[in-house]
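Next up, input26.cif (mmCIF, C-alpha atoms):
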data_data
loop_
_atom_site.label_atom_id
_atom_site.label_comp_id
_atom_site.auth_asym_id
_atom_site.auth_seq_id
_atom_site.Cartn_x
_atom_site.Cartn_y
_atom_site.Cartn_z
CA MET A 12 -14.26 49.38 15.40
CA LYS A 13 -16.72 50.82 17.86
CA ILE A 14 -15.39 49.62 21.23
CA ILE A 15 -11.90 50.80 22.17
CA LEU A 16 -10.15 49.30 25.19
CA VAL A 17 -7.66 51.60 26.92
CA PRO A 18 -5.61 50.20 29.83
CA THR A 19 -4.30 52.96 32.09
CA ASP A 20 -1.78 53.23 34.90
CA PHE A 21 -2.39 57.01 35.05
CA SER A 22 1.08 57.73 33.64
CA ASP A 23 1.78 60.38 31.00
CA HIS A 24 2.13 57.70 28.33
CA ALA A 25 -1.20 56.16 29.27
CA MET A 26 -2.69 59.64 28.89
CA TYR A 27 -1.16 59.92 25.39
CA ALA A 28 -2.92 56.66 24.50
CA LEU A 29 -6.23 57.89 25.90
CA LYS A 30 -6.01 61.09 23.82
CA VAL A 31 -5.52 59.08 20.65
CA ALA A 32 -8.30 56.65 21.62
CA ALA A 33 -10.63 59.61 22.19
CA GLN A 34 -9.88 60.96 18.72
CA ILE A 35 -10.53 57.57 17.13
CA ALA A 36 -13.75 57.09 19.12
CA SER A 37 -14.95 60.54 18.09
CA LYS A 38 -14.24 59.83 14.42
CA LEU A 39 -15.94 56.43 14.49
CA GLN A 40 -18.73 57.43 16.91
CA GLY A 41 -17.50 54.70 19.21
CA MET A 42 -16.97 54.26 22.93
CA ILE A 43 -14.02 53.76 25.28
CA ARG A 44 -13.52 51.10 27.92
CA LEU A 45 -11.07 52.61 30.38
CA VAL A 46 -9.46 49.93 32.53
CA HIS A 47 -7.12 50.21 35.49
CA VAL A 48 -5.50 47.11 36.97
CA TYR A 49 -3.95 46.88 40.41
CA ASN A 50 -2.71 44.00 42.49
CA LEU A 51 -2.81 43.76 46.27
CA PRO A 52 -0.63 41.54 48.46
CA SER A 53 -2.41 38.32 49.29
CA THR A 54 -0.36 35.93 51.40
CA GLY A 55 -1.25 36.34 55.07
CA PHE A 56 -2.92 39.67 54.42
CA GLU A 57 -6.29 39.07 52.81
CA LYS A 58 -8.09 38.23 56.07
CA ASN A 59 -6.60 41.11 57.97
CA HIS A 60 -8.85 44.05 58.90
CA TYR A 61 -6.45 46.44 57.18
CA TYR A 62 -6.84 44.63 53.88
CA ASP A 63 -10.39 45.92 53.46
CA GLU A 64 -9.30 49.44 54.35
CA TYR A 65 -6.37 49.31 51.96
CA TYR A 66 -8.56 47.86 49.22
CA ARG A 67 -11.12 50.65 49.62
CA LEU A 68 -8.38 53.28 49.59
CA VAL A 69 -6.70 51.97 46.44
CA HIS A 70 -10.03 51.52 44.68
CA SER A 71 -11.21 54.99 45.71
CA ASN A 72 -7.99 56.63 44.51
CA ALA A 73 -8.22 54.87 41.14
CA ASP A 74 -11.86 55.83 40.73
CA HIS A 75 -11.06 59.47 41.57
CA LYS A 76 -8.25 59.58 39.00
CA MET A 77 -10.54 58.09 36.36
CA GLU A 78 -13.21 60.66 37.07
CA GLU A 79 -10.66 63.43 36.68
CA MET A 80 -9.59 61.98 33.32
CA LEU A 81 -13.17 61.95 32.08
CA LYS A 82 -13.48 65.68 32.81
CA LEU A 83 -10.69 66.55 30.38
CA ASP A 84 -11.70 68.52 27.31
CA PHE A 85 -10.74 65.85 24.80
CA MET A 86 -13.12 63.36 26.48
CA ARG A 87 -16.23 65.47 26.02
CA GLY A 88 -19.10 63.70 24.31
CA ILE A 89 -17.42 60.27 24.28
CA PRO A 90 -19.25 57.38 25.98
CA VAL A 91 -16.96 55.74 28.54
CA GLU A 92 -17.13 52.59 30.64
CA LYS A 93 -14.90 52.60 33.73
CA HIS A 94 -13.43 49.37 35.00
CA ILE A 95 -11.19 48.92 38.03
CA VAL A 96 -9.84 45.37 38.18
CA ASN A 97 -7.61 43.76 40.77
CA ASN A 98 -5.48 40.64 40.96
CA MET A 99 -5.01 40.37 37.23
CA LEU A 100 -2.09 40.94 34.89
CA MET A 101 -2.55 43.77 32.43
CA TRP A 102 -2.13 41.64 29.33
CA GLN A 103 -4.85 39.28 30.58
CA ILE A 104 -7.50 42.00 30.33
CA PRO A 105 -8.52 41.45 26.66
CA ASP A 106 -9.24 37.77 27.30
CA GLU A 107 -11.67 38.48 30.16
CA LYS A 108 -15.29 37.86 29.23
CA GLN A 109 -16.40 41.46 29.79
CA PHE A 110 -13.68 42.81 27.49
CA ARG A 111 -13.48 40.21 24.73
CA ASN A 112 -15.76 42.06 22.34
CA SER A 113 -13.50 45.11 22.30
CA ASP A 114 -12.53 45.97 18.73
CA LEU A 115 -9.25 47.78 19.35
CA ILE A 116 -6.74 48.22 22.17
CA VAL A 117 -4.93 51.54 22.44
CA MET A 118 -2.01 51.39 24.84
CA GLY A 119 0.78 53.74 25.87
CA SER A 120 4.38 52.59 25.93
CA HIS A 121 7.26 54.29 27.71
CA GLY A 122 9.91 52.89 25.41
CA GLU A 123 12.32 52.75 28.34
CA SER A 124 15.55 50.81 28.48
CA GLY A 125 17.14 48.71 31.17
CA PHE A 126 15.17 47.98 34.33
CA ASN A 127 12.34 50.38 33.52
CA ARG A 128 11.82 48.65 30.18
CA ILE A 129 11.59 45.28 31.89
CA ILE A 130 8.88 46.50 34.27
CA ILE A 131 7.00 48.96 32.06
CA GLY A 132 7.73 47.97 28.50
CA SER A 133 6.91 44.31 29.03
CA ASN A 134 3.22 45.13 29.60
CA THR A 135 2.84 46.61 26.14
CA GLU A 136 4.98 43.98 24.46
CA LYS A 137 3.03 41.15 26.06
CA MET A 138 -0.23 42.83 25.12
CA VAL A 139 0.97 42.94 21.50
CA ARG A 140 1.83 39.25 21.67
CA MET A 141 -1.18 37.95 23.60
CA ALA A 142 -4.21 40.05 22.57
CA ASN A 143 -6.49 38.75 19.84
CA GLN A 144 -7.64 42.31 19.14
CA PRO A 145 -5.54 44.78 17.15
CA VAL A 146 -3.21 46.77 19.41
CA LEU A 147 -2.31 50.39 18.68
CA THR A 148 0.82 51.41 20.59
CA ILE A 149 1.37 55.10 21.35
CA LYS A 150 4.68 56.45 22.68
CA ASN A 151 4.32 60.20 22.31
CA GLU A 152 1.65 62.85 22.66
CA ILE A 153 -0.24 63.28 19.37
CA PRO A 154 -2.51 66.35 19.36
CA ASP A 155 -3.96 65.45 15.95
CA PHE A 156 -4.08 61.73 15.18
CA ASN A 157 -4.55 61.96 11.42
CA ILE A 158 -3.13 59.12 9.34
CA LYS A 159 -2.07 60.20 5.85
CA LYS A 160 0.92 57.89 5.36
CA MET A 161 0.54 54.31 6.54
CA VAL A 162 3.19 51.63 6.15
CA PHE A 163 2.06 48.00 6.04
CA ALA A 164 5.12 45.76 6.51
CA SER A 165 4.51 42.13 5.62
CA ASN A 166 5.84 39.11 3.77
CA PHE A 167 2.53 39.16 1.82
CA PHE A 168 2.09 35.42 2.07
CA GLU A 169 -1.46 34.08 2.15
CA GLU A 170 -1.79 34.15 5.92
CA SER A 171 -1.53 37.94 5.78
CA TYR A 172 -4.86 38.01 3.98
CA SER A 173 -6.73 36.93 7.11
CA VAL A 174 -5.87 40.10 9.05
CA PHE A 175 -5.60 42.74 6.37
CA ASP A 176 -9.24 43.83 6.70
CA LYS A 177 -8.40 45.33 10.12
CA ILE A 178 -5.41 47.16 8.68
CA GLN A 179 -7.27 48.32 5.60
CA PHE A 180 -10.01 49.69 7.85
CA PHE A 181 -7.57 52.25 9.25
CA ALA A 182 -6.30 53.19 5.81
CA ASP A 183 -9.83 53.64 4.46
CA THR A 184 -11.09 55.50 7.54
CA TYR A 185 -8.34 58.11 7.25
CA ASP A 186 -7.97 58.06 3.44
CA ALA A 187 -4.33 57.20 3.96
CA HIS A 188 -1.80 56.31 1.31
CA LEU A 189 -0.69 52.72 1.92
CA PHE A 190 3.01 51.88 1.57
CA LEU A 191 3.18 48.12 0.98
CA LEU A 192 6.59 47.19 2.35
CA LYS A 193 8.58 43.98 2.10
CA ILE A 194 12.02 43.89 3.69
CA ILE A 195 14.69 41.69 2.10
CA THR A 196 17.68 40.70 4.21
CA PRO A 197 20.85 38.77 3.32
CA ARG A 198 19.71 35.97 5.59
CA GLU A 199 16.22 35.75 4.08
CA PHE A 200 16.97 36.64 0.47
CA GLU A 201 14.26 36.75 -2.16
CA SER A 202 14.59 38.08 -5.70
CA THR A 203 12.83 41.35 -6.48
CA PRO A 204 10.53 39.86 -9.17
CA VAL A 205 9.33 37.23 -6.70
CA SER A 206 8.74 39.84 -4.00
CA ASN A 207 6.86 42.08 -6.41
CA GLU A 208 4.66 39.20 -7.49
CA TYR A 209 3.70 38.41 -3.89
CA ILE A 210 2.75 42.04 -3.34
CA ASN A 211 0.96 42.48 -6.68
CA GLN A 212 -1.10 39.37 -6.04
CA PHE A 213 -2.00 40.84 -2.66
CA VAL A 214 -3.02 44.12 -4.31
CA ARG A 215 -5.22 42.31 -6.83
CA ASN A 216 -6.89 40.28 -4.11
CA PHE A 217 -7.95 43.40 -2.15
CA ASN A 218 -8.45 45.66 -5.16
CA LEU A 219 -6.29 48.38 -3.58
CA ARG A 220 -6.23 51.86 -5.08
CA ASP A 221 -4.17 54.37 -3.11
CA TYR A 222 -0.93 52.44 -2.55
CA SER A 223 2.70 52.08 -3.57
CA VAL A 224 4.93 48.99 -3.61
CA HIS A 225 8.32 48.95 -1.88
CA VAL A 226 10.87 46.14 -1.74
CA TYR A 227 13.51 47.40 0.68
CA ASN A 228 16.91 45.87 1.41
CA HIS A 229 18.36 45.95 4.90
CA LYS A 230 20.48 43.89 7.26
CA SER A 231 17.48 43.18 9.49
CA ILE A 232 13.73 43.29 9.06
CA GLU A 233 13.07 45.33 12.18
CA ALA A 234 15.67 47.99 11.33
CA GLY A 235 14.46 48.06 7.73
CA ILE A 236 10.86 48.74 8.77
CA ILE A 237 11.90 51.52 11.13
CA GLU A 238 14.27 53.11 8.62
CA PHE A 239 11.74 53.00 5.80
CA GLY A 240 9.04 54.47 8.04
CA GLU A 241 11.31 57.37 8.89
CA SER A 242 12.23 57.91 5.22
CA VAL A 243 8.57 58.44 4.21
CA ASP A 244 7.63 60.22 7.45
CA ALA A 245 4.96 57.61 8.21
CA ASP A 246 2.07 58.42 10.55
CA LEU A 247 1.44 54.75 11.35
CA ILE A 248 3.22 51.42 10.90
CA ALA A 249 1.06 48.30 10.66
CA ILE A 250 2.47 44.84 11.18
CA GLU A 251 1.25 41.31 11.86
CA THR A 252 2.16 39.10 14.78
CA HIS A 253 1.81 35.36 15.33
CA GLY A 254 1.41 35.79 19.08
CA ARG A 255 3.96 33.11 19.81
CA THR A 256 4.41 31.98 23.38
CA GLY A 257 6.69 29.63 25.26
CA LEU A 258 9.47 27.88 23.36
CA SER A 259 8.26 29.12 19.98
CA HIS A 260 8.57 32.72 21.18
CA LEU A 261 12.09 32.10 22.52
CA ILE A 262 13.25 30.48 19.28
CA ASN A 263 11.56 32.72 16.71
CA GLY A 264 11.22 35.92 18.70
CA SER A 265 8.55 38.47 17.82
CA LEU A 266 9.07 40.97 15.06
CA ALA A 267 6.02 42.98 16.14
CA GLU A 268 7.33 43.32 19.70
CA ASP A 269 10.74 44.41 18.45
CA VAL A 270 9.24 47.09 16.22
CA VAL A 271 6.95 48.32 19.03
CA LYS A 272 9.92 48.41 21.38
CA HIS A 273 12.14 50.57 19.17
CA GLU A 274 9.76 52.56 16.95
CA ALA A 275 8.57 56.02 18.06
CA THR A 276 5.84 56.18 15.41
CA PRO A 277 2.48 54.65 16.39
CA VAL A 278 2.40 50.93 15.61
CA LEU A 279 -0.71 48.90 14.83
CA SER A 280 -0.14 45.19 15.41
CA VAL A 281 -2.69 42.57 14.36
CA LYS A 282 -2.53 38.94 15.45
CA ILE A 283 -2.71 36.28 12.78
CA PRO A 284 -5.19 33.55 13.76
CA LYS A 285 -3.61 30.23 14.62
CA ILE A 286 -3.88 27.56 11.97
CA SER A 287 -3.01 23.91 12.13
CA GLU A 288 0.35 22.68 10.89
CA LYS A 289 -1.44 20.56 8.29
CA THR A 290 -3.34 23.57 6.94
CA SER A 291 -0.22 25.71 7.03
CA LYS A 292 1.75 23.23 4.93
CA PHE A 293 -1.15 22.85 2.53
CA MET A 294 -1.21 26.61 2.00
CA GLY A 295 2.52 26.56 1.40
CA PHE A 296 3.82 29.26 3.71
CA SER A 297 4.63 27.69 7.08
CA ASN A 298 8.39 27.59 6.76
CA GLU A 299 8.57 30.85 4.85
CA TYR A 300 6.87 32.96 7.47
CA GLU A 301 8.47 31.26 10.47
CA SER A 302 11.83 32.39 9.09
CA TRP A 303 10.61 35.95 8.47
CA GLY A 304 11.56 37.51 11.78
CA SER A 305 13.38 34.56 13.30
CA GLU A 306 16.56 36.60 13.59
CA PHE A 307 15.13 38.61 16.46
CA LEU A 308 16.14 36.52 19.46
#
Let me see the structure of the file written as structure tokens.
Amino acid sequence: MKIILVPTDFSDHAMYALKVAAQIASKLQGMIRLVHVYNLPSTGFEKNHYYDEYYRLVHSNADHKMEEMLKLDFMRGIPVEKHIVNNMLMWQIPDEKQFRNSDLIVMGSHGESGFNRIIIGSNTEKMVRMANQPVLTIKNEIPDFNIKKMVFASNFFEESYSVFDKIQFFADTYDAHLFLLKIITPREFESTPVSNEYINQFVRNFNLRDYSVHVYNHKSIEAGIIEFGESVDADLIAIETHGRTGLSHLINGSLAEDVVKHEATPVLSVKIPKISEKTSKFMGFSNEYESWGSEFL
């Protein structure tokens, strides 16, 4: 993970994300792509003389703020690309050609409620859902981003195998202890021996060393992940997402978005690649995983 994409709106929470991104870039000898997105009114305004003046003013202000950010002590020695983009939604950034080869997205989240959450929180939640790159969500200022306790919450079905390399990279980079967590709810009950076998098979497949296995009972998966993370004082929670959109998202919800929304600890979400229904049924986990998290509507 050498190229780190950091969207910024120049808020305090965006600054928290940049500080963490800088620490990761320094550790990995990587670089940061700092991106600011703004949208200008278009209807009946784009051909007006004042449009060009307004455009230059907004662009100049954004560029000035970026330059000030790059002068901060924690940015010293880190290669940075600046990008100021207009007429684009924030969660569309990772899919743009110039940003697609980014390895990681680090994004601040306000964790607001009510109207502020609708306006501010939705950017992060949609980024978690839409981005093909791993998304690290930061809600608080972290002077020393040092992962020693990392929770990986999963059902540990076979589709989890396709994304675990990105999660394991973080654990290995920071020599973190990995808590392998499976939440069992009354609605999605599974016997403990069956759960343990799923996890143990996963462990054997990746030849894990520094880990512990946890089958945790709770009334909901989201609440169980958050409660367990607090109980072990986790530095990072890692979780997968299917990146559902449209009707599928409305019906099944998104566990990753719910955890990001309510969890204060940094959350690393990794999107599971789409597979065909035929392949999914052949592998034997389509119905199982679709139900894991479907209670979050």
Next item on the list: Using the chain letters and residue numbers of this document, give as a list in words the residues selected by the PyMOL selection byres ((chain A and resi 29) around 10).
Entry: Ile15, Leu16, Val17, Pro18, Thr19, Phe21, Asp23, His24, Ala25, Met26, Tyr27, Ala28, Lys30, Val31, Ala32, Ala33, Gln34, Ile35, Ile43, Leu45, Met80, Phe85, Met86, Val117, Met118, Gly119, Ile149 and Glu152 of chain A
Note to self: Please compute the CA of Ser242 (chain A)-CA of Ile153 (chain A) distance, one decimal, in Å.
What the structure shows: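 We find that CA of Ser242 (chain A) and CA of Ile153 (chain A) lie 19.6 Å from each other.
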Notebook entry, point to check: Could you name the residues that touch region 184-188 of chain A at 7 Å or less, counting only C-alpha atoms, but leaving out those on the same chain fewer than 5 positions away, as a list of chain:residue names?
Noted result: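 Skipping anything fewer than 5 positions along the chain leaves A:Asn157, A:Ile158, A:Lys159, A:Lys160, A:Met161, A:Asp221, A:Tyr222.
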Notebook entry, point to check: Where does the PyMOL selection byres ((chain A and resi 100) around 10) land in this file, that is, which residues does it pick, as a list in words?
Noted result: Val48, Tyr49, Asn50, Val96, Asn97, Asn98, Met99, Met101, Trp102, Gln103, Ile104 and Asn134 of chain A
Checklist line | Output check: residues returned by the PyMOL selection byres ((chain A and resi 219) around 12), as a PyMOL selection string | finding: chain A and resi 175-176+179+182-183+187-191+210-218+220-224
Note to self: Between A:Ser22, A:Ser37, A:Asn151, A:Asn72, which residue has the minimum interatomic distance to Pro277 (chain A), considering all atoms listed in the file?
What the structure shows: A:Asn151
Next item on the list: Mind giving me the straight-line distance from CA of Pro105 (chain A) to CA of Arg140 (chain A) in Å, one decimal?
Entry: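 Result for CA of Pro105 (chain A) versus CA of Arg140 (chain A): 11.7 Å, one decimal.
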How big is the axis-aligned box, and where does its centre sit, when it encloses all atoms of region 101-117 of chain A listed in the file and has 5 Å added on every side, reported in Å to one decimal as AutoDock Vina command-line options?
--center_x -9.3 --center_y 44.7 --center_z 25.6 --size_x 24.3 --size_y 23.8 --size_z 23.7
Checklist line | Pick from A:Asp155, A:Glu268, A:Glu251, A:Glu92, whichever lies nearest to Phe167 (chain A) using only C-alpha atoms | finding: A:Glu251
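One finds CA of Phe239 (chain A) at 18.0 Å from CA of Phe200 (chain A).
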Check: Hey, which of A:Ile195, A:Ile95, A:Met12, A:Leu247 ends up closest to Ala36 (chain A)? Count all atoms listed in the file.
Finding: A:Met12
Check: Which neighbours of Glu241 (chain A) fall inside 12 Å, counting all atoms listed in the file, when residues of the same chain fewer than 3 positions from it are skipped, and could you give them as a list in words?
Finding: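 Counting only the stated atoms, we get Lys160, Met161, Val162, Ala234, Gly235, Ile236, Ile237, Glu238, Asp244, Ala245, Asp246, Leu247, Ile248, Glu274, Ala275, Thr276 and Pro277 of chain A.
The smallest atom-to-atom distance between Asn166 (chain A) and any of A:Ile250, A:Ile178, A:Ala267, A:Val46, using only C-alpha atoms, is found for A:Ile250.
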Note to self: Just want the 10 Å neighbourhood of Thr203 (chain A), counted on all atoms listed in the file, with same-chain residues fewer than 2 positions away dropped. Output as JSON, numbers by chain.
What the structure shows: {"A": [193, 195, 200, 201, 205, 206, 207, 208, 209, 225, 226, 227, 228]}
Notebook entry, point to check: Restricting the calculation to all atoms listed in the file, which member of A:Lys282, A:Lys108, A:Lys82, A:Lys230 is positioned closest to Ser171 (chain A)?
Noted result: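 The closest residue to Ser171 (chain A) is A:Lys282.
Nearest-residue note for Phe110 (chain A): choosing from A:Arg44, A:His253, A:Arg67, A:Arg198, the minimum distance belongs to A:Arg44, counting only C-alpha atoms.
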